[in-house]
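In what follows, a single structure is set out as structure tokens and then discussed.
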Amino acid sequence: MNPKPPSQDSTEPEAMELAAGRARVRLFIQAPPGTRVRVTLEAEDTPDGLAVQAQAAPDRPHVLSAAWEALAAGVQRVSAWVQRAGAEKHLEFGLLGLTLAVYLLTRFIGLEQYPIYFFTDEAVQTVLAQDFLRDGLRGSDKILLPTYFLNSYQYNLSLSVYVQVLPYLLLGKAIWITRGVPALLSVLACLWVALTLRRVFHLPHAWAGALLLSITPAWFLHSRTAFETSLAVTFLAGFVYYYLRYRTGHPRALLLAALMGALTFYSYAPTRLAIGLAAVFLLLSDAAYHWQQRKWVGWAFLLTLLLALPLLRFQLAHPTENLNHLRVLNSYWIQPIPLSAKLGQFFSEYARGLNPMYWYLPNTVDLERHTMKGYGHLLRFTLPFLLVGLGAALWKIRSAPHRALLLVLLAAPSGAALVALGITRALVMVIPAALLSGLGLCLLLQWIEKRWRVPRTVLAVLTFALLAGVNGYMLRDALVNGPLWFRDYGLGGMQYGAKQLTAAIDEYQNQNPGARLMVSPSWANGTDTILRFFYPEDLPYQMGSIEGYLYEIQPLDEQTVFVMIPQEFKMVNANPKFTDVRVEKTVPTPDGQTGFYFVRLRYADNIAEILESERQARQALREGEIRLGSVTLPVRYSYLDMGEIDQLFDGDENSLVRTLEANPLRVHITMNAQIRLSSVEARIGGTATEVTATLVDAAGQVLAQEQISAADDPNPRWVSLHFNQAYTPAALWLDVRSLNDGEPAHVHLWEVRWQE
């Protein structure tokens, strides 16, 4: 409405301005001095929407008749705008609700079918929850309500076990339950991303940020698993949201930010550094504001101390566990290299974690089971949105919310850099990426709306349809094509078969009640934990491999049935030690090949002669040479099936040799040069190992001998044998024995070195 202003010769008009959002009505009333005017504007809910009414009660109607007409027309325009504004508001809420529904559908549909594996790191969450309840709410260390649970060799699980306790009590054990618990919680990550864009940055279409997170391939995959990394991502999103609410005028939200930070910390070990670094960055960045809100900062600090008490209790009970955790991960931080080299590797890994090529292009860095074939960890078509959002954040870096997004982005890869870049360790990156991409998309939609005058409703519906369609496409692609993306279904690949194998075992035992099953553990990591997930008590079969029957005669009757993987079946089928090999059942892999064989067999009639011949062959040492600088030394050694003997002296701690069958591994070096030895070091494997070093003179007499035993350990390690003085021997004999195995066995050795 554009009413004409009063003429120059009229009395001074009385102006009334009506504003409602972006609609504005300006009313000019021309009346003689002293005239009393009453104007009433009302808005009320009606079945058809909001209605606005106006009423004028002038003392002189004939003077204000024109004004009344103008007011009535303006009111109609205001009414139309209010109705439109209300519709847009309802549309925003409606689309947010639909976004969360799309997210939940794309997490729960086919939850047991994709990912196609059910991994030990998923099964262990519910298995430990079961043990926790069985042991009276205590962990394996007998501590009530433990901070961390023992997972094989390390204490690295916490919140992910606790969230499974109640579902296990109410519903029992099932793949969809174990995966469904973190999947259901992860919807909060989408909600917090949308609320951050809406309530902090005041952007329309904020729900689009949640849809962008939903179609992030790395998140799409891992939010459908029970890996604890998904919980850390969820609570990091809450930390960012509540901190930014605090930073934009809601100081009480800092308490919730502290809680979310603690939950992130306890969810997944690699996020400890990331959330700690993010907190330090934000503390320094907003120091002046924190001082203004020092009352609430003080309360948040006290809450943080309270939340840290479980960690303090754990550290007192297990003071060396942090170091042990790094040893389990074989981190370079515990390697005998200079600090400068460690810092250099840290910043190298950190830089890789910020490299867009790692995130947006398919890579071979991560294991196949942690990727979606043909996808980057972030969708490539969303890269322009991130660049726009990143540019906007840099442009408005003086704005605390924009600056905070950048700081969280910088902190995200730090946890992964402590060991080596991997998507599970760096998954928290998806939250700042989704927020910046959502920021960029919302700004682009605003620009399109203004530049081409596209109605906001139209833009919203089209954007939602596109992003929801991408969600649906990814779900179909994963369920239909995902099983065939990667064809290695064994230990080195997808580790497929937990659900399928247990179902086949149950069926076979029902049909053959007298059978004694020997199930191979070689198809996945931690198969004992996986199979405990499917059975309430003791396993109704024995875990073991046919390999144990290859080198010594063991009881083998008609009721013994081996469940083999293809490599084992191929080895047995061509081996003269066995005869009458019968396949009674198979379990297929998704590509139609056989993944497991149920096999009965018996020893060959001449098995004793075959084994004796092999035993004698194992004792024979092979001959070769090793080169140390300019010196070449003859060496005799046990037969190897992995590596070359000179790799023991190449200075590379990652190269190794392995015996085919011999235990111990023997390495006898002839010192045809004058070499003085005072000690010998060997880098051995994680199993319990005995190392013996013997120095011999030219006549074959022993000059000195030292022996050391090392207990089980999850990683390769160095052992040192020190002689009582320096010798110049004619030969060095080194024997490395696996204490947990007889003969034959595979014995591993990484490196040998000595001090002169």
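To be explicit about the labels: the chains of the structure tokens are called A, B, and onward in the order shown, and within each one the residues are counted from 1, while ligands get numbers from 1 in the order they are shown.
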Residue set, range 97-341 of chain A restricted to helix (DSSP H, G or I), as number ranges by chain: A: 97-108, 120-134, 159-171, 175-185, 187-200, 207-214, 217-222, 229-247, 253-267, 271-285, 287-292, 294-317, 321-328, 332-334, 339-341
Spatial neighbours of range 596-606 of chain A, max dist 6 Å, only C-alpha atoms, sep filter under 2 positions, as number ranges by chain: A: 561-565, 577-587, 594, 608-609
Dump as a PDB file, in the first residue's frame, selection limited to C-alpha atoms:
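What follows is the written file result24.pdb:
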ATOM      1  CA  VAL A 561      32.552 -81.710  11.388  1.00  0.00           C
ATOM      2  CA  PHE A 562      34.799 -78.814  10.403  1.00  0.00           C
ATOM      3  CA  VAL A 563      33.332 -75.447   9.455  1.00  0.00           C
ATOM      4  CA  MET A 564      35.990 -74.085   7.103  1.00  0.00           C
ATOM      5  CA  ILE A 565      36.619 -70.919   5.156  1.00  0.00           C
ATOM      6  CA  LYS A 577      47.076 -86.182   4.710  1.00  0.00           C
ATOM      7  CA  PHE A 578      43.278 -86.402   4.371  1.00  0.00           C
ATOM      8  CA  THR A 579      40.914 -88.587   2.468  1.00  0.00           C
ATOM      9  CA  ASP A 580      37.180 -89.082   2.084  1.00  0.00           C
ATOM     10  CA  VAL A 581      36.545 -85.297   2.166  1.00  0.00           C
ATOM     11  CA  ARG A 582      32.779 -84.698   2.107  1.00  0.00           C
ATOM     12  CA  VAL A 583      31.045 -81.318   1.947  1.00  0.00           C
ATOM     13  CA  GLU A 584      27.698 -81.530   3.730  1.00  0.00           C
ATOM     14  CA  LYS A 585      26.611 -77.898   3.768  1.00  0.00           C
ATOM     15  CA  THR A 586      27.759 -74.533   2.444  1.00  0.00           C
ATOM     16  CA  VAL A 587      27.010 -70.910   3.280  1.00  0.00           C
ATOM     17  CA  THR A 594      30.919 -70.270  -1.022  1.00  0.00           C
ATOM     18  CA  ALA A 608      52.161 -91.192  10.453  1.00  0.00           C
ATOM     19  CA  GLU A 609      54.797 -91.532   7.738  1.00  0.00           C
TER      20      GLU A 609
END
Find the residues near Leu185 in chain A: any atom within 12 Å, counting only C-alpha atoms, skip ones fewer than 2 places away on the same chain, and give them as JSON, numbers by chain. {"A": [100, 103, 104, 107, 160, 163, 164, 178, 179, 180, 181, 182, 183, 187, 188, 189, 190, 191, 192, 223, 224, 226, 228, 230, 231, 232, 233, 234, 235, 237, 238]}
For the contact check between range 164-274 of chain A and range 403-410 of chain A, emit one row per residue of range 164-274 of chain A within 10 Å, containing the shortest atom pair and the distance in Å rounded to one decimal, counting only C-alpha atoms, chain then rising number order, as CSV.
residue,atom,partner,partner_atom,distance
A:Leu236,CA,A:Val408,CA,9.5
A:Val240,CA,A:Val408,CA,8.1
A:Tyr243,CA,A:Ala404,CA,9.0
A:Leu244,CA,A:Ala404,CA,7.8
A:Arg247,CA,A:Ala404,CA,9.6
A:Ala274,CA,A:Val408,CA,8.4
Correct to one decimal, the distance CA of Met494 in chain A-CA of Arg369 in chain A is 5.3 Å
